[in-house]
Amino acid sequence: MELQHLNRTAWAALSSVEKEQYLQELTELPEGMAYEGLRKFERYGRCTETGVFSYEQRDFVFVPGDLVTLGWDGWHEGMNEETAIDIRETFSEYGVHDIDAYLREFSSPVREVHISPMLVECQARSLGWFEVSEEEAMAWDDGELAKEWEKFKQSDISEYERYQHFRLVRHEGGIRIFWFNEDLTLERLKEETEKTGFSLLTEEEWEYLYGGGCRTLFPWGDSFDYTMKLKHFGRSISDIVDEDAEQDPDPSMFEDDGRAYDLELPNFFGIRFEGDPYRCELTLSQTGELMPKGGDGGSLICGGLGPVAGFLPATVVYYRDANIGELEWEELIDGMYYRRVIRLS
C-alpha cells in the first residue's frame, strides 16, 4: 500500500519492520534530514508507534493521515459535575449563562477533512524572537542593550525584556540573548519556509495533530483534568483548590514544584504544544489567511476567569480566537510560534 493511503488504523496494524521499511524509503526530503528510528508515544489513552527524523538539530515525527471529522457543535460525553459547576459559576459572573452556545461560538465548525500523512516538527519555534550571539547583539545595539546587559549580569532576576526589542534569559550559568524579528511578514515567512522544502500548518492539520480527530472538547475528554500542572499556576489545580477551600489564595500556593507542565509534554503523536494561553501557534485558513490556534494572547486568563476557564484557548481542541482581527501583526508575533511540516501526498 502507498504511504499516502495509509490511515491511522492501517498504520497501527503494520509491524515495526514494515513501518521502518516505509519510512526508510521516503524520498524528496530536504537534504540533511535523517531517519533516527521508531519510537512509541502514549498520551490520553492513545498510543502511536512512529518514526523520528532529525534535521538541523530539530526533531520531526511521522504522522499518518486520515479522514476525520473536525470542529465542535455539541457534547460527546458531557462535562462532569465538577467541571460544569466550575465553568458555569466562572462565566456567569461575566454575563455568560449559556455555556454550550458560548463554546459553539468560539469553536471551528464541524466538517469532514482528509489529512495527508506528514513529517511534523515536534517543537514549535518562536516567530517574533530569534536567538543571537553576544557579538551580533552588541553590533546591532543602539545603546539600550549595553546598559541593561550590565544591570542584568549584576541582578538575580531570571529574565528581562525590552518590549519588542531584546530579551535576556539566564540559562545554565550563561545568558541567552533574543532579538525581536521586526522585519518579518507572513508572506516572507511563507516564502522562506517553502524554499527549504517545508510548509506551514493549516488549521485543520493543527486540530488533527492536537486532538487526533477526537469528538470531545479536550484531547482527553469533555471534563477538565484537575490533576494537571499548568503554567502560571505552579502546581496542579486540585492541590490549590484543596488547600484553599476556605480562604483567599496565597501567592506561595502557585510556586513551581519542579514538575513538568502537563500541556507541554509530547502527545500521542510525539508532538509538543505550548500549553500556554498567552502564546498561540500560527496556522493558515483554507484561503491562506492567518488563523492562530492554542491561545488567545492571555485575554481570558488576564480577565480573571481562573485556571480552568482561562486555559480554554490552550486546552479546547477546536477553539478559535474571535478577536484575532483586532490585533496588528507586530502584536501577534510577539507571542506566536510556528512549526514546519512536509506533506507526503
# chains A, B, ... in the order shown; residues from 1 in each chain; ligands from 1

call {"tool": "residues_around", "arguments": {"residues": "segment 205-218 of chain A", "least_positions_apart": "3", "cutoff": "8 Å", "atoms": "only C-alpha atoms", "output": "ChimeraX atom specification"}}
result
/A:68-72,75-77,115,201-202,221-224,267,269,271,273,283,293,315-318

call {"tool": "select_by_dssp", "arguments": {"residues": "segment 26-149 of chain A", "states": "strand (DSSP E)", "output": "ChimeraX atom specification"}}
result
/A:34-43,46-55,58-63,66-70,111-115,118-121,125-126,129-132

call {"tool": "closest_atom_pairs", "arguments": {"of": "segment 112-178 of chain A", "to": "segment 24-35 of chain A", "cutoff": "12 Å", "atoms": "only C-alpha atoms", "output": "CSV"}}
result
residue,atom,partner,partner_atom,distance
A:Pro117,CA,A:Leu26,CA,11.8
A:Met118,CA,A:Leu26,CA,11.2
A:Leu119,CA,A:Leu29,CA,9.7
A:Glu121,CA,A:Met33,CA,11.8

call {"tool": "closest_residue", "arguments": {"among": "A:Leu127, A:Cys302, A:Ile342, A:Val132", "to": "Glu330 of chain A", "atoms": "only C-alpha atoms"}}
result
A:Leu127

call {"tool": "residues_around", "arguments": {"residues": "Thr83 of chain A", "least_positions_apart": "5", "cutoff": "10 Å", "atoms": "only C-alpha atoms", "output": "PyMOL selection string"}}
result
chain A and resi 78+88-89+222-226+308-309

call {"tool": "residues_around", "arguments": {"residues": "Trp179 of chain A", "least_positions_apart": "4", "cutoff": "7 Å", "atoms": "only C-alpha atoms", "output": "PyMOL selection string"}}
result
chain A and resi 129-132+165-167

call {"tool": "atom_distance", "arguments": {"atom1": "atom CA of Cys280 of chain A", "atom2": "atom CA of Glu159 of chain A"}}
result
20.6 Å

call {"tool": "closest_residue", "arguments": {"among": "A:Phe60, A:Tyr44, A:Trp11, A:Tyr338", "to": "Thr193 of chain A", "atoms": "only C-alpha atoms"}}
result
A:Tyr338

call {"tool": "select_by_dssp", "arguments": {"residues": "segment 77-243 of chain A", "states": "helix (DSSP H, G or I)", "output": "VMD selection string"}}
result
chain A and resid 81 to 92 99 to 105 134 to 140 144 to 154 186 to 195 203 to 211 237 to 243

call {"tool": "write_last_selection", "arguments": {"atoms": "C-alpha atoms", "output": "short mmCIF file (atom, residue, chain, number, x, y, z; two decimals), in the first residue's frame"}}
result
data_model
loop_
_atom_site.label_atom_id
_atom_site.label_comp_id
_atom_site.auth_asym_id
_atom_site.auth_seq_id
_atom_site.Cartn_x
_atom_site.Cartn_y
_atom_site.Cartn_z
CA GLU A 81 -20.35 17.91 37.70
CA GLU A 82 -17.10 19.47 38.93
CA THR A 83 -16.20 20.94 35.53
CA ALA A 84 -19.75 22.09 34.81
CA ILE A 85 -20.09 23.93 38.13
CA ASP A 86 -16.63 25.49 37.77
CA ILE A 87 -17.18 26.84 34.26
CA ARG A 88 -20.79 27.97 34.78
CA GLU A 89 -20.04 29.81 38.02
CA THR A 90 -16.99 31.47 36.48
CA PHE A 91 -18.66 32.65 33.28
CA SER A 92 -21.92 33.67 34.95
CA ILE A 99 -22.08 27.76 28.07
CA ASP A 100 -22.92 25.50 25.13
CA ALA A 101 -23.72 28.48 22.91
CA TYR A 102 -20.54 30.23 24.04
CA LEU A 103 -18.39 27.21 23.17
CA ARG A 104 -20.05 26.80 19.77
CA GLU A 105 -19.43 30.48 19.02
CA GLU A 134 26.52 38.48 22.18
CA GLU A 135 28.67 39.81 19.34
CA GLU A 136 25.70 40.08 16.97
CA ALA A 137 23.52 41.74 19.59
CA MET A 138 26.15 44.32 20.52
CA ALA A 139 26.72 45.12 16.83
CA TRP A 140 23.00 45.90 16.44
CA GLU A 144 19.91 50.16 25.27
CA LEU A 145 21.27 46.60 25.36
CA ALA A 146 24.72 47.50 26.70
CA LYS A 147 23.16 49.46 29.56
CA GLU A 148 20.69 46.73 30.52
CA TRP A 149 23.26 43.95 29.96
CA GLU A 150 25.41 45.13 32.85
CA LYS A 151 22.42 45.59 35.13
CA PHE A 152 21.15 42.12 34.28
CA LYS A 153 24.50 40.45 34.97
CA GLN A 154 24.60 42.00 38.46
CA LEU A 186 3.61 36.47 6.84
CA GLU A 187 4.42 36.43 3.13
CA ARG A 188 8.14 36.40 3.83
CA LEU A 189 7.70 33.53 6.30
CA LYS A 190 5.74 31.51 3.72
CA GLU A 191 8.40 32.08 1.06
CA GLU A 192 11.36 31.24 3.31
CA THR A 193 9.62 28.08 4.60
CA GLU A 194 8.71 26.83 1.11
CA LYS A 195 12.22 27.50 -0.24
CA GLU A 203 -5.92 24.99 10.86
CA GLU A 204 -7.30 21.53 10.03
CA GLU A 205 -3.87 19.93 10.35
CA TRP A 206 -3.26 21.62 13.71
CA GLU A 207 -6.60 20.43 15.08
CA TYR A 208 -5.83 16.89 13.91
CA LEU A 209 -2.34 16.95 15.44
CA TYR A 210 -3.65 18.31 18.74
CA GLY A 211 -6.78 16.21 19.15
CA ILE A 237 -5.26 22.89 40.21
CA SER A 238 -6.60 20.17 42.53
CA ASP A 239 -3.79 20.83 45.03
CA ILE A 240 -4.53 24.56 45.02
CA VAL A 241 -8.29 24.06 45.34
CA ASP A 242 -7.91 21.54 48.19
CA GLU A 243 -5.57 23.74 50.17
#

call {"tool": "residues_around", "arguments": {"residues": "Phe106 of chain A", "least_positions_apart": "4", "cutoff": "8 Å", "atoms": "only C-alpha atoms", "output": "PyMOL selection string"}}
result
chain A and resi 102+319-322

call {"tool": "write_last_selection", "arguments": {"atoms": "N, CA and C atoms", "output": "PDB file, in the first residue's frame"}}
result
ATOM      1  N   TYR A 102     -21.831  29.534  23.996  1.00  0.00           N
ATOM      2  CA  TYR A 102     -20.539  30.232  24.039  1.00  0.00           C
ATOM      3  C   TYR A 102     -19.450  29.386  23.392  1.00  0.00           C
ATOM      4  N   TYR A 319     -10.885  25.403  19.512  1.00  0.00           N
ATOM      5  CA  TYR A 319     -11.073  26.800  19.890  1.00  0.00           C
ATOM      6  C   TYR A 319     -10.523  27.741  18.816  1.00  0.00           C
ATOM      7  N   ARG A 320     -11.298  28.779  18.501  1.00  0.00           N
ATOM      8  CA  ARG A 320     -10.868  29.845  17.597  1.00  0.00           C
ATOM      9  C   ARG A 320     -10.930  31.173  18.344  1.00  0.00           C
ATOM     10  N   ASP A 321      -9.916  31.993  18.169  1.00  0.00           N
ATOM     11  CA  ASP A 321      -9.904  33.314  18.789  1.00  0.00           C
ATOM     12  C   ASP A 321     -10.676  34.285  17.897  1.00  0.00           C
ATOM     13  N   ALA A 322     -11.872  34.664  18.338  1.00  0.00           N
ATOM     14  CA  ALA A 322     -12.730  35.534  17.526  1.00  0.00           C
ATOM     15  C   ALA A 322     -12.219  36.965  17.468  1.00  0.00           C
TER      16      ALA A 322
END

call {"tool": "residues_around", "arguments": {"residues": "Tyr22 of chain A", "least_positions_apart": "5", "cutoff": "9 Å", "atoms": "only C-alpha atoms", "output": "list in words"}}
result
Glu2, Leu3 and Val17 of chain A

call {"tool": "write_last_selection", "arguments": {"atoms": "N, CA, C and O atoms", "output": "PDB file, in the first residue's frame"}}
result
ATOM      1  N   GLU A   2       0.452   2.259  -0.802  1.00  0.00           N
ATOM      2  CA  GLU A   2       1.189   3.510  -0.848  1.00  0.00           C
ATOM      3  C   GLU A   2       1.087   4.218   0.509  1.00  0.00           C
ATOM      4  O   GLU A   2       0.035   4.203   1.154  1.00  0.00           O
ATOM      5  N   LEU A   3       2.183   4.856   0.921  1.00  0.00           N
ATOM      6  CA  LEU A   3       2.231   5.502   2.222  1.00  0.00           C
ATOM      7  C   LEU A   3       1.128   6.539   2.390  1.00  0.00           C
ATOM      8  O   LEU A   3       0.506   6.634   3.439  1.00  0.00           O
ATOM      9  N   VAL A  17       8.777  -3.718  11.652  1.00  0.00           N
ATOM     10  CA  VAL A  17       9.648  -3.890  10.489  1.00  0.00           C
ATOM     11  C   VAL A  17       9.024  -3.242   9.250  1.00  0.00           C
ATOM     12  O   VAL A  17       9.706  -2.553   8.476  1.00  0.00           O
TER      13      VAL A  17
END

call {"tool": "closest_residue", "arguments": {"among": "A:Arg125, A:Lys231, A:Arg162, A:His171", "to": "Met336 of chain A", "atoms": "only C-alpha atoms"}}
result
A:Arg125

call {"tool": "closest_residue", "arguments": {"among": "A:Glu264, A:Asp334, A:Asp66, A:Asp59", "to": "Cys122 of chain A", "atoms": "only C-alpha atoms"}}
result
A:Asp59

call {"tool": "residues_around", "arguments": {"residues": "Leu332 of chain A", "least_positions_apart": "4", "cutoff": "9 Å", "atoms": "only C-alpha atoms", "output": "ChimeraX atom specification"}}
result
/A:128,280,292,297,324,327-328,336

call {"tool": "write_last_selection", "arguments": {"atoms": "N, CA and C atoms", "output": "compact mmCIF listing (two decimals), in the first residue's frame"}}
result
# COMPACT_ATOMS: atom_id res chain seq x y z
N GLY A 128 8.33 35.63 16.66
CA GLY A 128 8.74 37.01 16.87
C GLY A 128 10.15 37.18 17.40
N CYS A 280 0.32 31.47 21.13
CA CYS A 280 -0.52 30.81 20.14
C CYS A 280 0.40 30.30 19.02
N PRO A 292 -4.48 31.83 14.15
CA PRO A 292 -3.75 31.35 15.32
C PRO A 292 -4.55 30.33 16.13
N GLY A 297 -3.63 35.00 23.48
CA GLY A 297 -2.82 36.12 23.97
C GLY A 297 -3.03 36.40 25.44
N ILE A 324 -9.10 37.90 16.84
CA ILE A 324 -7.80 37.96 16.18
C ILE A 324 -7.68 39.16 15.27
N LEU A 327 -5.96 42.70 16.40
CA LEU A 327 -4.54 42.88 16.71
C LEU A 327 -3.71 43.07 15.44
N GLU A 328 -2.67 43.89 15.55
CA GLU A 328 -1.73 44.09 14.45
C GLU A 328 -0.74 42.92 14.40
N MET A 336 3.71 34.52 19.28
CA MET A 336 3.28 33.48 18.35
C MET A 336 4.43 32.53 18.01

call {"tool": "closest_residue", "arguments": {"among": "A:Glu49, A:Asp156, A:Asp142, A:Asp73", "to": "Arg111 of chain A", "atoms": "only C-alpha atoms"}}
result
A:Asp73

call {"tool": "atom_distance", "arguments": {"atom1": "atom CA of Ser107 of chain A", "atom2": "atom CA of Cys47 of chain A"}}
result
26.2 Å

call {"tool": "atom_distance", "arguments": {"atom1": "atom CA of Gly335 of chain A", "atom2": "atom CA of Glu172 of chain A"}}
result
23.7 Å
